[in-house]
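K.L.:
Below is a structure I'd like to ask you about.
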Amino acid sequence: MAHVSIVPGVQFSTHLLTGEEERAIWDTPEKRRPLVESQPYAPGSKHVGSLAGIRVAVKDLFAIAGEVIGAGNPSFAATRRPETVSSAAVQALITAGAEITGLAQTDELAFSIAGTNIHFGTPPNPAAPGHITGGSTSGPASAVALGLADLALGTDTAGSIRVPGSYTGLFGLRTTHNAVSRAGLVGLAPSFDTVGVLARDLRILHAGAVALLATGTPASSASPAPAAADVSLHPIDSDLLPGSPHVGLPHVVAPAAASTPITTILTDPALTALADDNTQLSFGAALRALALNSGASVAPNSASTSLDPADLDEWFTAFRIVQQFEAWAEDGEFVTENPGALDPAIAERFRIAAQITDSQAQDARATLARATATLEAAIPLGSALALPTTSSAAPSTTASPAEIDRVRTATLRLTSLASLSGLPALTIPYGRVGTLPLGFCLLGPRGSDLQLIALAQPRA
């Protein structure tokens, strides 16, 4: 049975973790948490930081001074030394007053959206007990869903923020590609890697996004990037959005997109059809609920910008070619020198990736350039394209490898659209299939990250 819920999935802050669950969530042992205490006031500031007291679970791909990046694999961790400087994203959250609770587990080398790890286990999903969290931002998502953290800092290459958000009933933002600095981040496929956040509370997600977006280089025409302390944690108002005197714009953000409210939600049957039947029913209910709560109008894509299923297939194939090509360039040396170190399913992805030629990657990039132009034309200023976040609710933790791979492939056909185009995407926990949470996704114009969040904020 599919239905809609506008309340994030149930979280159990009093859940007592077993030793196995603790290890599946956290890379940082409990006795060492938090890694960085909250400092409410930024140096030299009289204002309380926007994230003061907010606990952050950081995906084990980001540099934190004094810590070793493990990327979900013990052999990889053994090749690393403790970091001397924190990543730009982590430092932005610290400056905004956040507590860095600890490093949390990721799928190996972030090359999966399942949320399982043969070395550390599968994190619990309190919103869907007995089901996977999704990945690769699996540990941080589990920590937030359990109430062990308030904000998850993760990455999204092919859906690694949006899939856990859908499966665990959280809000999740994949930021515009290159809008947030990736300095100090272990990447997978740079053409698609982005920084993202997950939260139970939309206000906290917004505050985290504002802090992260300030790491971009301001455009010459934009106002200076604000001190993180200048944005307080309260309901999302227009004076907190880009274009106001309080918020600067990263260099990749067009001021028009960042300051134009989203008033139209677009739909396309070719996208809805990529999900299973129950997910399609849930999507329809969630769409009506969002329109009612936001006051936005709903309209089908115009005939000139509607998406062709054949094109979607071609784009998906091209996306996978480029992602695999870049993943091998990033991690091929480690994979070659450490045979047997990876989950067989992930090792197989790298085996395929190693065979992709420069010519194949070049042709695929040309296809993705055309796809990006088509998607940008389909989402004009002031609008967002709605689609199911995932093709189904979370599979069971006992699902076979074949079933996990089937769901993965079906979901990637949806998530790859934001990835290949670099457009921002927000998943909101509006859907349910039976008792299982299901995300509803909004894909916005380049640079409309905070406008997407504003659209999801219910009217007073």
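Residues are referred to by chain and number: the chain letter is A, B, ... according to the order shown in the structure tokens, the number counts from 1 in that chain, and ligands are numbered separately from 1 in the order shown.
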Among the residues of region 329-360 of chain A, find those DSSP assigns to helix (DSSP H, G or I) from the backbone and print them as JSON, numbers by chain.
P.N.:
{"A": [329, 330, 331, 332, 333, 334, 335, 336, 337, 344, 345, 346, 347, 348, 349, 350, 351, 352, 353, 358, 359, 360]}
K.L.:
So, with only C-alpha atoms as the atoms that count, which of A:Thr260, A:Ser181, A:Gln39, A:Thr357 lies closest to Leu455 (chain A)?
P.N.:
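Smallest distance to Leu455 (chain A) is found for A:Thr260.
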K.L.:
Within 12 Å of region 202-209 of chain A, which residues of region 74-106 of chain A show up? Give each one with its shortest atom-to-atom distance in Å (one decimal) and the two atoms involved, counting only C-alpha atoms, rows by chain then rising residue number, as JSON lines.
P.N.:
{"residue": "A:Ala89", "atom": "CA", "partner": "A:Gly208", "partner_atom": "CA", "distance": 9.9}
{"residue": "A:Val90", "atom": "CA", "partner": "A:Gly208", "partner_atom": "CA", "distance": 10.6}
{"residue": "A:Gln91", "atom": "CA", "partner": "A:Gly208", "partner_atom": "CA", "distance": 11.9}
{"residue": "A:Ala92", "atom": "CA", "partner": "A:Gly208", "partner_atom": "CA", "distance": 9.0}
{"residue": "A:Leu93", "atom": "CA", "partner": "A:Gly208", "partner_atom": "CA", "distance": 7.0}
{"residue": "A:Ile94", "atom": "CA", "partner": "A:Gly208", "partner_atom": "CA", "distance": 10.6}
{"residue": "A:Thr95", "atom": "CA", "partner": "A:Gly208", "partner_atom": "CA", "distance": 11.2}
{"residue": "A:Ala96", "atom": "CA", "partner": "A:Gly208", "partner_atom": "CA", "distance": 8.5}
{"residue": "A:Gly97", "atom": "CA", "partner": "A:Gly208", "partner_atom": "CA", "distance": 10.6}
{"residue": "A:Ala98", "atom": "CA", "partner": "A:Gly208", "partner_atom": "CA", "distance": 9.2}
K.L.:
Please measure the separation of CA of Gly121 (chain A) and CA of Phe440 (chain A), giving the value in Å to one decimal.
P.N.:
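CA of Gly121 (chain A) sits 27.6 Å away from CA of Phe440 (chain A).
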K.L.:
Please identify the strand (DSSP E) residues within region 140-359 of chain A (assignment by DSSP from backbone atoms) and present them as number ranges by chain.
P.N.:
A: 151-156, 171-174, 194-199, 264-267, 297-300
K.L.:
Leaving out Glu376 (chain A) and any residue of its chain fewer than 2 positions from it, which residues lie within 9 Å of it when counting only C-alpha atoms, given as a VMD selection string?
P.N.:
chain A and resid 371 to 374 378 to 380 421 423 444 to 446
K.L.:
Just write the chosen residues, N, CA and C atoms, as a short mmCIF file (atom, residue, chain, number, x, y, z; two decimals), in the first residue's frame.
P.N.:
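This went into selection_12.cif:
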data_model
loop_
_atom_site.label_atom_id
_atom_site.label_comp_id
_atom_site.auth_asym_id
_atom_site.auth_seq_id
_atom_site.Cartn_x
_atom_site.Cartn_y
_atom_site.Cartn_z
N ALA A 371 22.87 15.71 -23.05
CA ALA A 371 21.86 15.43 -22.02
C ALA A 371 21.70 16.60 -21.07
N THR A 372 22.81 17.19 -20.69
CA THR A 372 22.77 18.32 -19.77
C THR A 372 22.02 19.49 -20.38
N ALA A 373 22.27 19.77 -21.65
CA ALA A 373 21.57 20.86 -22.32
C ALA A 373 20.07 20.59 -22.37
N THR A 374 19.70 19.34 -22.60
CA THR A 374 18.28 18.98 -22.65
C THR A 374 17.62 19.16 -21.29
N ALA A 378 14.69 21.79 -19.93
CA ALA A 378 13.44 21.25 -19.38
C ALA A 378 13.10 21.82 -18.02
N ILE A 379 14.06 22.51 -17.37
CA ILE A 379 13.83 23.04 -16.03
C ILE A 379 14.14 24.54 -16.04
N PRO A 380 13.24 25.36 -16.50
CA PRO A 380 13.50 26.80 -16.55
C PRO A 380 13.53 27.43 -15.16
N SER A 421 24.16 15.91 -15.04
CA SER A 421 23.94 17.31 -15.40
C SER A 421 24.58 18.29 -14.43
N LEU A 423 23.12 19.30 -11.75
CA LEU A 423 22.06 20.12 -11.17
C LEU A 423 21.80 19.71 -9.72
N GLY A 444 16.46 20.91 -9.56
CA GLY A 444 16.29 22.34 -9.83
C GLY A 444 17.30 22.89 -10.81
N PRO A 445 17.11 24.14 -11.23
CA PRO A 445 18.09 24.80 -12.09
C PRO A 445 19.45 24.90 -11.38
N ARG A 446 20.50 25.00 -12.15
CA ARG A 446 21.84 25.11 -11.57
C ARG A 446 21.91 26.30 -10.62
#
K.L.:
Quick one: everything within 12 Å of Ala399 (chain A), counting only C-alpha atoms, minus sequence neighbours fewer than 3 positions away in the same chain. Send it as an mmCIF file with N, CA and C atoms, in the first residue's frame.
P.N.:
data_model
loop_
_atom_site.group_PDB
_atom_site.id
_atom_site.type_symbol
_atom_site.label_atom_id
_atom_site.label_comp_id
_atom_site.auth_asym_id
_atom_site.auth_seq_id
_atom_site.Cartn_x
_atom_site.Cartn_y
_atom_site.Cartn_z
ATOM 1 N N ALA A 114 24.203 0.806 -1.903
ATOM 2 C CA ALA A 114 23.455 -0.163 -1.091
ATOM 3 C C ALA A 114 23.502 0.152 0.400
ATOM 4 N N THR A 116 25.822 -1.339 2.364
ATOM 5 C CA THR A 116 26.389 -2.530 2.994
ATOM 6 C C THR A 116 27.909 -2.479 2.885
ATOM 7 N N GLY A 130 15.235 -3.944 9.488
ATOM 8 C CA GLY A 130 15.402 -5.106 8.630
ATOM 9 C C GLY A 130 15.655 -4.770 7.178
ATOM 10 N N HIS A 131 15.804 -3.471 6.877
ATOM 11 C CA HIS A 131 16.065 -3.031 5.515
ATOM 12 C C HIS A 131 17.346 -2.196 5.477
ATOM 13 N N ILE A 132 17.988 -2.160 4.331
ATOM 14 C CA ILE A 132 19.247 -1.436 4.215
ATOM 15 C C ILE A 132 19.015 0.068 4.284
ATOM 16 N N ALA A 394 13.399 0.617 0.377
ATOM 17 C CA ALA A 394 14.657 -0.083 0.669
ATOM 18 C C ALA A 394 14.498 -1.598 0.610
ATOM 19 N N PRO A 395 15.403 -2.285 -0.066
ATOM 20 C CA PRO A 395 15.397 -3.747 -0.038
ATOM 21 C C PRO A 395 15.713 -4.277 1.359
ATOM 22 N N SER A 396 15.351 -5.518 1.588
ATOM 23 C CA SER A 396 15.650 -6.173 2.859
ATOM 24 C C SER A 396 17.148 -6.390 3.012
ATOM 25 N N ALA A 402 21.768 -10.460 -6.331
ATOM 26 C CA ALA A 402 21.106 -10.191 -7.614
ATOM 27 C C ALA A 402 19.987 -9.177 -7.443
ATOM 28 N N GLU A 403 19.202 -9.284 -6.348
ATOM 29 C CA GLU A 403 18.116 -8.343 -6.104
ATOM 30 C C GLU A 403 18.669 -6.955 -5.792
ATOM 31 N N ILE A 404 19.721 -6.897 -4.991
ATOM 32 C CA ILE A 404 20.344 -5.609 -4.684
ATOM 33 C C ILE A 404 20.825 -4.945 -5.966
ATOM 34 N N ASP A 405 21.425 -5.720 -6.853
ATOM 35 C CA ASP A 405 21.937 -5.161 -8.103
ATOM 36 C C ASP A 405 20.798 -4.707 -9.009
ATOM 37 N N ARG A 406 19.683 -5.443 -9.014
ATOM 38 C CA ARG A 406 18.533 -5.043 -9.823
ATOM 39 C C ARG A 406 17.979 -3.709 -9.360
ATOM 40 N N VAL A 407 17.815 -3.565 -8.036
ATOM 41 C CA VAL A 407 17.288 -2.320 -7.478
ATOM 42 C C VAL A 407 18.274 -1.178 -7.720
#
